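Q: So I've got this file, target.txt, and it contains compact mmCIF, N, CA and C atoms:
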# COMPACT_ATOMS: atom_id res chain seq x y z
N MET A 70 0.84 -1.18 0.00
CA MET A 70 0.00 0.00 0.00
C MET A 70 0.88 1.25 0.00
N LYS A 71 0.48 2.24 -0.76
CA LYS A 71 1.19 3.51 -0.79
C LYS A 71 0.96 4.23 0.54
N ILE A 72 1.95 4.94 1.00
CA ILE A 72 1.84 5.68 2.26
C ILE A 72 0.66 6.66 2.20
N ALA A 73 0.50 7.34 1.07
CA ALA A 73 -0.58 8.33 0.95
C ALA A 73 -1.96 7.68 1.12
N ASP A 74 -2.08 6.39 0.81
CA ASP A 74 -3.36 5.68 0.93
C ASP A 74 -3.55 5.02 2.29
N SER A 75 -2.54 5.09 3.13
CA SER A 75 -2.57 4.36 4.40
C SER A 75 -3.31 5.10 5.52
N GLY A 76 -3.52 6.40 5.35
CA GLY A 76 -4.19 7.18 6.39
C GLY A 76 -3.26 7.60 7.52
N ARG A 77 -1.98 7.37 7.37
CA ARG A 77 -1.01 7.78 8.39
C ARG A 77 0.07 8.64 7.76
N PRO A 78 0.73 9.46 8.56
CA PRO A 78 1.82 10.27 8.01
C PRO A 78 3.02 9.40 7.66
N ALA A 79 3.78 9.84 6.69
CA ALA A 79 5.03 9.18 6.34
C ALA A 79 6.06 9.50 7.41
N GLU A 80 6.85 8.50 7.76
CA GLU A 80 7.95 8.68 8.72
C GLU A 80 9.23 8.82 7.92
N VAL A 81 9.86 9.97 8.01
CA VAL A 81 11.09 10.24 7.27
C VAL A 81 12.22 10.51 8.26
N LEU A 82 13.33 9.84 8.06
CA LEU A 82 14.53 10.11 8.86
C LEU A 82 15.51 10.89 8.00
N LEU A 83 15.81 12.10 8.41
CA LEU A 83 16.78 12.96 7.74
C LEU A 83 18.09 12.86 8.50
N VAL A 84 19.12 12.38 7.82
CA VAL A 84 20.45 12.25 8.43
C VAL A 84 21.30 13.37 7.83
N GLU A 85 21.41 14.46 8.56
CA GLU A 85 21.97 15.69 8.01
C GLU A 85 22.59 16.53 9.11
N ASP A 86 23.83 16.98 8.91
CA ASP A 86 24.51 17.80 9.91
C ASP A 86 24.40 19.30 9.64
N ASN A 87 23.89 19.69 8.47
CA ASN A 87 23.79 21.10 8.12
C ASN A 87 22.40 21.63 8.46
N GLU A 88 22.34 22.56 9.39
CA GLU A 88 21.06 23.09 9.87
C GLU A 88 20.25 23.77 8.77
N ASP A 89 20.93 24.48 7.87
CA ASP A 89 20.21 25.14 6.77
C ASP A 89 19.50 24.11 5.89
N ASP A 90 20.17 22.99 5.60
CA ASP A 90 19.56 21.94 4.78
C ASP A 90 18.37 21.30 5.49
N VAL A 91 18.43 21.23 6.81
CA VAL A 91 17.31 20.70 7.59
C VAL A 91 16.09 21.62 7.44
N ILE A 92 16.31 22.92 7.55
CA ILE A 92 15.22 23.90 7.43
C ILE A 92 14.60 23.82 6.04
N ILE A 93 15.44 23.77 5.01
CA ILE A 93 14.93 23.70 3.63
C ILE A 93 14.15 22.41 3.42
N THR A 94 14.64 21.31 3.97
CA THR A 94 13.96 20.02 3.83
C THR A 94 12.59 20.07 4.48
N ARG A 95 12.52 20.62 5.68
CA ARG A 95 11.23 20.77 6.37
C ARG A 95 10.24 21.59 5.53
N ARG A 96 10.72 22.70 5.00
CA ARG A 96 9.85 23.56 4.19
C ARG A 96 9.39 22.84 2.92
N GLY A 97 10.29 22.08 2.32
CA GLY A 97 9.93 21.33 1.11
C GLY A 97 8.82 20.33 1.37
N PHE A 98 8.92 19.59 2.49
CA PHE A 98 7.86 18.64 2.82
C PHE A 98 6.56 19.37 3.16
N ASN A 99 6.66 20.51 3.83
CA ASN A 99 5.46 21.29 4.14
C ASN A 99 4.74 21.74 2.87
N LYS A 100 5.50 22.06 1.83
CA LYS A 100 4.90 22.49 0.57
C LYS A 100 4.25 21.35 -0.19
N SER A 101 4.59 20.12 0.14
CA SER A 101 4.06 18.97 -0.59
C SER A 101 2.62 18.63 -0.20
N ASP A 102 2.15 19.17 0.90
CA ASP A 102 0.80 18.89 1.40
C ASP A 102 0.60 17.42 1.76
N LEU A 103 1.68 16.68 1.92
CA LEU A 103 1.60 15.30 2.37
C LEU A 103 1.91 15.27 3.86
N PRO A 104 1.20 14.48 4.63
CA PRO A 104 1.53 14.40 6.06
C PRO A 104 2.84 13.65 6.27
N VAL A 105 3.82 14.34 6.84
CA VAL A 105 5.15 13.78 7.05
C VAL A 105 5.61 14.08 8.47
N ASN A 106 6.06 13.06 9.16
CA ASN A 106 6.77 13.24 10.43
C ASN A 106 8.26 13.19 10.09
N LEU A 107 8.91 14.34 10.17
CA LEU A 107 10.33 14.42 9.83
C LEU A 107 11.15 14.31 11.10
N HIS A 108 11.98 13.28 11.18
CA HIS A 108 12.89 13.07 12.30
C HIS A 108 14.28 13.38 11.79
N ARG A 109 15.11 13.96 12.64
CA ARG A 109 16.44 14.35 12.19
C ARG A 109 17.51 13.87 13.18
N VAL A 110 18.56 13.32 12.63
CA VAL A 110 19.76 13.03 13.40
C VAL A 110 20.93 13.70 12.67
N GLU A 111 22.01 13.99 13.42
CA GLU A 111 23.08 14.80 12.86
C GLU A 111 24.25 14.03 12.30
N ASN A 112 24.33 12.73 12.57
CA ASN A 112 25.46 11.96 12.06
C ASN A 112 25.09 10.49 11.92
N GLY A 113 25.98 9.74 11.33
CA GLY A 113 25.72 8.34 11.06
C GLY A 113 25.58 7.48 12.31
N GLU A 114 26.30 7.81 13.34
CA GLU A 114 26.19 7.04 14.59
C GLU A 114 24.78 7.19 15.18
N GLU A 115 24.28 8.43 15.20
CA GLU A 115 22.91 8.65 15.69
C GLU A 115 21.90 7.97 14.79
N CYS A 116 22.17 7.95 13.49
CA CYS A 116 21.27 7.30 12.54
C CYS A 116 21.13 5.82 12.89
N MET A 117 22.24 5.15 13.13
CA MET A 117 22.17 3.71 13.41
C MET A 117 21.49 3.45 14.75
N GLN A 118 21.68 4.34 15.73
CA GLN A 118 20.95 4.20 17.00
C GLN A 118 19.45 4.36 16.76
N PHE A 119 19.07 5.33 15.94
CA PHE A 119 17.66 5.56 15.62
C PHE A 119 17.08 4.31 14.96
N LEU A 120 17.77 3.79 13.96
CA LEU A 120 17.26 2.64 13.21
C LEU A 120 17.19 1.38 14.07
N ARG A 121 18.12 1.26 14.98
CA ARG A 121 18.14 0.07 15.86
C ARG A 121 17.39 0.30 17.16
N LYS A 122 16.80 1.48 17.28
CA LYS A 122 15.99 1.85 18.45
C LYS A 122 16.77 1.64 19.76
N SER A 123 17.95 2.24 19.78
CA SER A 123 18.80 2.13 20.97
C SER A 123 19.15 3.53 21.48
N GLY A 124 19.72 3.57 22.69
CA GLY A 124 20.07 4.84 23.30
C GLY A 124 18.85 5.73 23.45
N PRO A 125 18.94 6.99 23.04
CA PRO A 125 17.81 7.91 23.21
C PRO A 125 16.67 7.66 22.21
N TYR A 126 16.82 6.66 21.35
CA TYR A 126 15.83 6.43 20.29
C TYR A 126 15.04 5.14 20.47
N VAL A 127 14.88 4.68 21.70
CA VAL A 127 14.19 3.40 21.92
C VAL A 127 12.75 3.42 21.42
N ASP A 128 12.13 4.57 21.39
CA ASP A 128 10.74 4.68 20.92
C ASP A 128 10.63 5.23 19.50
N ALA A 129 11.73 5.26 18.79
CA ALA A 129 11.73 5.82 17.44
C ALA A 129 10.90 4.95 16.49
N PRO A 130 10.18 5.59 15.58
CA PRO A 130 9.44 4.81 14.58
C PRO A 130 10.40 4.27 13.53
N THR A 131 9.99 3.24 12.84
CA THR A 131 10.76 2.75 11.70
C THR A 131 10.46 3.68 10.53
N PRO A 132 11.49 4.29 9.95
CA PRO A 132 11.22 5.25 8.87
C PRO A 132 10.76 4.56 7.59
N ASP A 133 9.88 5.24 6.88
CA ASP A 133 9.47 4.79 5.56
C ASP A 133 10.54 5.16 4.54
N LEU A 134 11.26 6.23 4.84
CA LEU A 134 12.27 6.75 3.93
C LEU A 134 13.39 7.38 4.74
N ILE A 135 14.62 7.13 4.32
CA ILE A 135 15.80 7.77 4.92
C ILE A 135 16.40 8.70 3.88
N LEU A 136 16.61 9.95 4.26
CA LEU A 136 17.34 10.90 3.43
C LEU A 136 18.72 11.02 4.05
N LEU A 137 19.72 10.55 3.33
CA LEU A 137 21.06 10.37 3.89
C LEU A 137 22.09 11.28 3.22
N ASP A 138 22.69 12.14 4.01
CA ASP A 138 23.81 12.95 3.53
C ASP A 138 25.06 12.07 3.54
N LEU A 139 26.00 12.35 2.66
CA LEU A 139 27.23 11.55 2.61
C LEU A 139 28.29 12.04 3.58
N ASN A 140 28.54 13.34 3.57
CA ASN A 140 29.67 13.89 4.30
C ASN A 140 29.24 14.45 5.64
N MET A 141 29.40 13.62 6.67
CA MET A 141 29.01 14.01 8.03
C MET A 141 30.12 13.61 9.00
N PRO A 142 30.12 14.23 10.18
CA PRO A 142 31.09 13.83 11.20
C PRO A 142 30.72 12.49 11.84
N VAL A 143 31.63 11.93 12.56
CA VAL A 143 31.50 10.70 13.35
C VAL A 143 31.43 9.46 12.47
N LYS A 144 30.36 9.30 11.70
CA LYS A 144 30.21 8.19 10.77
C LYS A 144 29.53 8.76 9.54
N ASP A 145 30.16 8.60 8.36
CA ASP A 145 29.59 9.23 7.17
C ASP A 145 28.52 8.35 6.51
N GLY A 146 27.89 8.89 5.49
CA GLY A 146 26.79 8.22 4.82
C GLY A 146 27.19 6.90 4.15
N ARG A 147 28.43 6.81 3.69
CA ARG A 147 28.90 5.58 3.06
C ARG A 147 28.92 4.44 4.08
N GLU A 148 29.44 4.76 5.27
CA GLU A 148 29.50 3.76 6.34
C GLU A 148 28.09 3.37 6.80
N VAL A 149 27.22 4.35 6.87
CA VAL A 149 25.84 4.09 7.29
C VAL A 149 25.14 3.14 6.32
N LEU A 150 25.22 3.44 5.02
CA LEU A 150 24.55 2.59 4.04
C LEU A 150 25.14 1.19 4.04
N ALA A 151 26.44 1.07 4.20
CA ALA A 151 27.07 -0.26 4.28
C ALA A 151 26.51 -1.04 5.47
N GLU A 152 26.32 -0.38 6.61
CA GLU A 152 25.74 -1.03 7.78
C GLU A 152 24.28 -1.42 7.57
N ILE A 153 23.54 -0.54 6.93
CA ILE A 153 22.12 -0.81 6.69
C ILE A 153 21.95 -2.04 5.81
N VAL A 154 22.69 -2.11 4.71
CA VAL A 154 22.50 -3.25 3.79
C VAL A 154 23.03 -4.55 4.36
N ALA A 155 23.95 -4.46 5.33
CA ALA A 155 24.47 -5.68 5.97
C ALA A 155 23.56 -6.19 7.08
N ASP A 156 22.59 -5.39 7.48
CA ASP A 156 21.71 -5.75 8.59
C ASP A 156 20.40 -6.33 8.06
N GLU A 157 20.12 -7.56 8.42
CA GLU A 157 18.92 -8.28 7.98
C GLU A 157 17.63 -7.50 8.28
N GLN A 158 17.61 -6.79 9.39
CA GLN A 158 16.41 -6.06 9.81
C GLN A 158 16.24 -4.72 9.09
N LEU A 159 17.31 -4.20 8.53
CA LEU A 159 17.27 -2.84 7.97
C LEU A 159 17.41 -2.78 6.45
N ARG A 160 17.86 -3.83 5.83
CA ARG A 160 18.26 -3.77 4.41
C ARG A 160 17.15 -3.40 3.44
N ARG A 161 15.90 -3.55 3.83
CA ARG A 161 14.80 -3.21 2.92
C ARG A 161 14.34 -1.75 3.03
N LEU A 162 14.96 -1.00 3.92
CA LEU A 162 14.59 0.41 4.06
C LEU A 162 14.97 1.19 2.80
N ALA A 163 14.12 2.11 2.40
CA ALA A 163 14.42 2.98 1.27
C ALA A 163 15.38 4.07 1.72
N VAL A 164 16.52 4.16 1.03
CA VAL A 164 17.54 5.15 1.38
C VAL A 164 17.84 6.01 0.16
N VAL A 165 17.52 7.29 0.28
CA VAL A 165 17.82 8.25 -0.76
C VAL A 165 19.03 9.06 -0.31
N VAL A 166 20.09 9.00 -1.09
CA VAL A 166 21.27 9.81 -0.81
C VAL A 166 20.99 11.21 -1.32
N LEU A 167 21.11 12.17 -0.44
CA LEU A 167 20.87 13.58 -0.76
C LEU A 167 22.15 14.33 -0.40
N THR A 168 22.92 14.70 -1.42
CA THR A 168 24.28 15.15 -1.18
C THR A 168 24.71 16.25 -2.14
N THR A 169 25.81 16.89 -1.82
CA THR A 169 26.43 17.85 -2.72
C THR A 169 27.54 17.19 -3.54
N SER A 170 27.87 15.95 -3.23
CA SER A 170 28.98 15.27 -3.89
C SER A 170 28.64 14.87 -5.33
N GLU A 171 29.39 15.41 -6.26
CA GLU A 171 29.25 15.04 -7.67
C GLU A 171 30.30 14.01 -8.08
N SER A 172 30.98 13.45 -7.10
CA SER A 172 32.04 12.47 -7.36
C SER A 172 31.48 11.20 -7.99
N ASP A 173 32.06 10.81 -9.12
CA ASP A 173 31.66 9.55 -9.76
C ASP A 173 31.87 8.38 -8.81
N GLN A 174 32.95 8.42 -8.04
CA GLN A 174 33.23 7.33 -7.11
C GLN A 174 32.15 7.23 -6.04
N ASP A 175 31.72 8.36 -5.49
CA ASP A 175 30.64 8.35 -4.50
C ASP A 175 29.36 7.79 -5.12
N LEU A 176 29.02 8.26 -6.31
CA LEU A 176 27.82 7.79 -6.99
C LEU A 176 27.85 6.27 -7.17
N LEU A 177 28.96 5.76 -7.71
CA LEU A 177 29.08 4.31 -7.95
C LEU A 177 29.07 3.52 -6.65
N THR A 178 29.78 4.02 -5.65
CA THR A 178 29.83 3.34 -4.36
C THR A 178 28.44 3.22 -3.75
N MET A 179 27.69 4.30 -3.77
CA MET A 179 26.36 4.29 -3.14
C MET A 179 25.39 3.38 -3.90
N TYR A 180 25.48 3.36 -5.22
CA TYR A 180 24.63 2.42 -5.97
C TYR A 180 25.10 0.99 -5.78
N ASP A 181 26.41 0.77 -5.66
CA ASP A 181 26.91 -0.58 -5.35
C ASP A 181 26.36 -1.06 -4.01
N LEU A 182 26.18 -0.11 -3.09
CA LEU A 182 25.62 -0.44 -1.78
C LEU A 182 24.09 -0.47 -1.80
N ARG A 183 23.49 -0.29 -2.98
CA ARG A 183 22.05 -0.43 -3.18
C ARG A 183 21.22 0.74 -2.64
N CYS A 184 21.75 1.98 -2.76
CA CYS A 184 20.90 3.12 -2.39
C CYS A 184 19.70 3.12 -3.33
N SER A 185 18.61 3.68 -2.89
CA SER A 185 17.39 3.72 -3.68
C SER A 185 17.43 4.82 -4.74
N SER A 186 18.09 5.92 -4.43
CA SER A 186 18.27 7.04 -5.35
C SER A 186 19.48 7.85 -4.89
N TYR A 187 20.07 8.57 -5.82
CA TYR A 187 21.19 9.46 -5.52
C TYR A 187 20.82 10.81 -6.10
N ILE A 188 20.60 11.79 -5.24
CA ILE A 188 20.12 13.10 -5.66
C ILE A 188 21.10 14.17 -5.22
N LEU A 189 21.48 15.03 -6.17
CA LEU A 189 22.35 16.16 -5.85
C LEU A 189 21.51 17.28 -5.26
N LYS A 190 21.98 17.83 -4.15
CA LYS A 190 21.30 18.96 -3.52
C LYS A 190 21.48 20.19 -4.41
N PRO A 191 20.38 20.79 -4.83
CA PRO A 191 20.52 22.04 -5.59
C PRO A 191 21.08 23.14 -4.68
N VAL A 192 21.84 24.02 -5.25
CA VAL A 192 22.39 25.14 -4.49
C VAL A 192 21.29 26.18 -4.24
N ASP A 193 20.39 26.34 -5.18
CA ASP A 193 19.31 27.30 -5.09
C ASP A 193 18.27 26.84 -4.07
N PHE A 194 17.89 27.74 -3.17
CA PHE A 194 16.95 27.46 -2.10
C PHE A 194 15.61 26.93 -2.62
N LYS A 195 15.03 27.62 -3.58
CA LYS A 195 13.71 27.23 -4.12
C LYS A 195 13.79 25.90 -4.85
N GLN A 196 14.86 25.66 -5.59
CA GLN A 196 15.02 24.38 -6.28
C GLN A 196 15.17 23.24 -5.28
N PHE A 197 15.90 23.48 -4.19
CA PHE A 197 16.08 22.47 -3.14
C PHE A 197 14.71 22.12 -2.56
N GLN A 198 13.91 23.13 -2.23
CA GLN A 198 12.56 22.88 -1.70
C GLN A 198 11.73 22.07 -2.69
N GLN A 199 11.83 22.38 -3.96
CA GLN A 199 11.07 21.68 -4.99
C GLN A 199 11.51 20.21 -5.08
N VAL A 200 12.81 19.97 -4.98
CA VAL A 200 13.31 18.59 -5.01
C VAL A 200 12.73 17.80 -3.83
N ILE A 201 12.69 18.39 -2.66
CA ILE A 201 12.13 17.71 -1.48
C ILE A 201 10.65 17.42 -1.70
N LYS A 202 9.93 18.38 -2.24
CA LYS A 202 8.52 18.18 -2.53
C LYS A 202 8.34 17.00 -3.48
N TYR A 203 9.14 16.93 -4.54
CA TYR A 203 9.05 15.83 -5.50
C TYR A 203 9.41 14.50 -4.87
N ILE A 204 10.41 14.51 -3.99
CA ILE A 204 10.79 13.27 -3.29
C ILE A 204 9.58 12.75 -2.52
N GLY A 205 8.92 13.63 -1.77
CA GLY A 205 7.74 13.21 -1.00
C GLY A 205 6.63 12.70 -1.89
N GLU A 206 6.36 13.42 -2.95
CA GLU A 206 5.29 12.99 -3.85
C GLU A 206 5.60 11.64 -4.48
N TYR A 207 6.82 11.44 -4.91
CA TYR A 207 7.20 10.17 -5.54
C TYR A 207 7.14 9.01 -4.55
N TRP A 208 7.85 9.16 -3.42
CA TRP A 208 7.98 8.05 -2.49
C TRP A 208 6.69 7.74 -1.73
N PHE A 209 5.81 8.71 -1.59
CA PHE A 209 4.61 8.48 -0.76
C PHE A 209 3.31 8.40 -1.54
N THR A 210 3.31 8.78 -2.83
CA THR A 210 2.07 8.66 -3.60
C THR A 210 2.17 7.68 -4.77
N ILE A 211 3.39 7.30 -5.15
CA ILE A 211 3.58 6.40 -6.29
C ILE A 211 4.18 5.06 -5.86
N VAL A 212 5.22 5.10 -5.05
CA VAL A 212 5.96 3.90 -4.67
C VAL A 212 5.22 3.12 -3.58
N VAL A 213 5.27 1.79 -3.70
CA VAL A 213 4.78 0.91 -2.65
C VAL A 213 6.01 0.44 -1.87
N LEU A 214 6.04 0.76 -0.58
CA LEU A 214 7.19 0.42 0.27
C LEU A 214 6.87 -0.82 1.11
N PRO A 215 7.89 -1.57 1.50
CA PRO A 215 7.66 -2.80 2.25
C PRO A 215 7.08 -2.61 3.64
N ASN A 216 7.32 -1.46 4.27
CA ASN A 216 6.77 -1.16 5.60
C ASN A 216 6.89 -2.30 6.60
N GLY A 217 8.07 -2.85 6.72
CA GLY A 217 8.32 -3.87 7.73
C GLY A 217 7.81 -5.25 7.38
N ARG A 218 7.33 -5.46 6.17
CA ARG A 218 6.87 -6.80 5.78
C ARG A 218 8.04 -7.76 5.76
N SER A 219 7.80 -8.98 6.15
CA SER A 219 8.86 -9.99 6.08
C SER A 219 8.65 -10.84 4.84
N ASN A 220 9.64 -11.72 4.56
CA ASN A 220 9.56 -12.50 3.32
C ASN A 220 8.35 -13.34 3.36
What do you get writing this file as structure tokens?

A:
Amino acid sequence: MKIADSGRPAEVLLVEDNEDDVIITRRGFNKSDLPVNLHRVENGEECMQFLRKSGPYVDAPTPDLILLDLNMPVKDGREVLAEIVADEQLRRLAVVVLTTSESDQDLLTMYDLRCSSYILKPVDFKQFQQVIKYIGEYWFTIVVLPNGRSN
């Protein structure tokens, strides 16, 4: 079932250390008119705690979508995605890499690790908001996500 048809808000985990990008992301989802609960962690270590519901995140919801920055302190997005795909409980989560990195190596590495999409962050504020709006519309009105279903 599509999230938009489920009658519940989409749970999105934003893994982002840049406060400006967090604000723009929030505004972009607000413009989409889709109900979204946006959760934010600042680095990869916090992301893995959130996903594994440990430490301060024991009551965290399982995200429908993860928006993952690549270049963060403590544990970067590459390490996070490698951990996610290696974990039987997490590997089916949708992970969209949202980054400024135009590196071919980063692009190939993240797709080798099975990211769901690789999106370059627009520099322009309005374009960035529009990209976030489109992400929400695509992932929550078109795509059918596993939502914790087992094999």

Q: Please measure the separation of atom CA of A:Val110 and atom N of A:Tyr203, giving the value in Å to one decimal.

A: 21.2 Å

Q: If you run DSSP on the backbone here, which positions in chain A get strand (DSSP E or B)? Please write them as a VMD selection string.

A: chain A and resid 79 to 84 105 to 110 134 to 137 163 to 168 186 to 189

Q: Between atom C of A:Leu150 and atom CA of A:Leu120, measure the distance and give it in Å to one decimal.

A: 12.2 Å

Q: Give the answer as one residue: which of A:Glu115, A:Asp90, A:Asp181, A:Glu206 has the shortest atom-to-atom distance to A:Asp102, using only C-alpha atoms?

A: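 Using only C-alpha atoms, the shortest distance to A:Asp102 belongs to A:Glu206.
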
Q: Please report the interatomic distance between atom N of A:Thr168 and atom C of A:Tyr187 in Å with one decimal.

A: 6.4 Å

Q: From a DSSP pass on the backbone, collect the residues of chain A flagged as alpha helix (DSSP H) and hand them back as a PyMOL selection string.

A: chain A and resi 88-100+113-121+146-155+173-181+194-210

Q: Between A:Ile204, A:Val143, A:Leu189, A:Val81, which residue has the minimum interatomic distance to A:Leu162, considering only C-alpha atoms?

A: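 Closest to A:Leu162, using only C-alpha atoms: A:Val81.
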
Q: Restricted to C-alpha atoms, what does stretch 84-121 of chain A look like when written out as a PDB file, in the first residue's frame?

A:
ATOM      1  CA  VAL A  84      20.450  12.248   8.430  1.00  0.00           C
ATOM      2  CA  GLU A  85      21.966  15.692   8.011  1.00  0.00           C
ATOM      3  CA  ASP A  86      24.509  17.799   9.912  1.00  0.00           C
ATOM      4  CA  ASN A  87      23.794  21.100   8.117  1.00  0.00           C
ATOM      5  CA  GLU A  88      21.056  23.088   9.873  1.00  0.00           C
ATOM      6  CA  ASP A  89      20.213  25.138   6.768  1.00  0.00           C
ATOM      7  CA  ASP A  90      19.560  21.943   4.780  1.00  0.00           C
ATOM      8  CA  VAL A  91      17.310  20.700   7.595  1.00  0.00           C
ATOM      9  CA  ILE A  92      15.225  23.898   7.431  1.00  0.00           C
ATOM     10  CA  ILE A  93      14.932  23.701   3.633  1.00  0.00           C
ATOM     11  CA  THR A  94      13.959  20.021   3.829  1.00  0.00           C
ATOM     12  CA  ARG A  95      11.229  20.774   6.374  1.00  0.00           C
ATOM     13  CA  ARG A  96       9.853  23.559   4.188  1.00  0.00           C
ATOM     14  CA  GLY A  97       9.927  21.329   1.111  1.00  0.00           C
ATOM     15  CA  PHE A  98       7.862  18.641   2.825  1.00  0.00           C
ATOM     16  CA  ASN A  99       5.459  21.293   4.141  1.00  0.00           C
ATOM     17  CA  LYS A 100       4.904  22.493   0.567  1.00  0.00           C
ATOM     18  CA  SER A 101       4.056  18.972  -0.595  1.00  0.00           C
ATOM     19  CA  ASP A 102       0.803  18.888   1.398  1.00  0.00           C
ATOM     20  CA  LEU A 103       1.595  15.297   2.372  1.00  0.00           C
ATOM     21  CA  PRO A 104       1.527  14.397   6.059  1.00  0.00           C
ATOM     22  CA  VAL A 105       5.152  13.776   7.047  1.00  0.00           C
ATOM     23  CA  ASN A 106       6.771  13.243  10.428  1.00  0.00           C
ATOM     24  CA  LEU A 107      10.327  14.420   9.829  1.00  0.00           C
ATOM     25  CA  HIS A 108      12.892  13.069  12.297  1.00  0.00           C
ATOM     26  CA  ARG A 109      16.444  14.345  12.194  1.00  0.00           C
ATOM     27  CA  VAL A 110      19.764  13.029  13.397  1.00  0.00           C
ATOM     28  CA  GLU A 111      23.081  14.803  12.864  1.00  0.00           C
ATOM     29  CA  ASN A 112      25.464  11.964  12.058  1.00  0.00           C
ATOM     30  CA  GLY A 113      25.717   8.335  11.062  1.00  0.00           C
ATOM     31  CA  GLU A 114      26.188   7.044  14.589  1.00  0.00           C
ATOM     32  CA  GLU A 115      22.915   8.655  15.695  1.00  0.00           C
ATOM     33  CA  CYS A 116      21.272   7.298  12.545  1.00  0.00           C
ATOM     34  CA  MET A 117      22.173   3.713  13.413  1.00  0.00           C
ATOM     35  CA  GLN A 118      20.946   4.201  16.998  1.00  0.00           C
ATOM     36  CA  PHE A 119      17.660   5.560  15.619  1.00  0.00           C
ATOM     37  CA  LEU A 120      17.259   2.644  13.210  1.00  0.00           C
ATOM     38  CA  ARG A 121      18.144   0.068  15.860  1.00  0.00           C
TER      39      ARG A 121
END
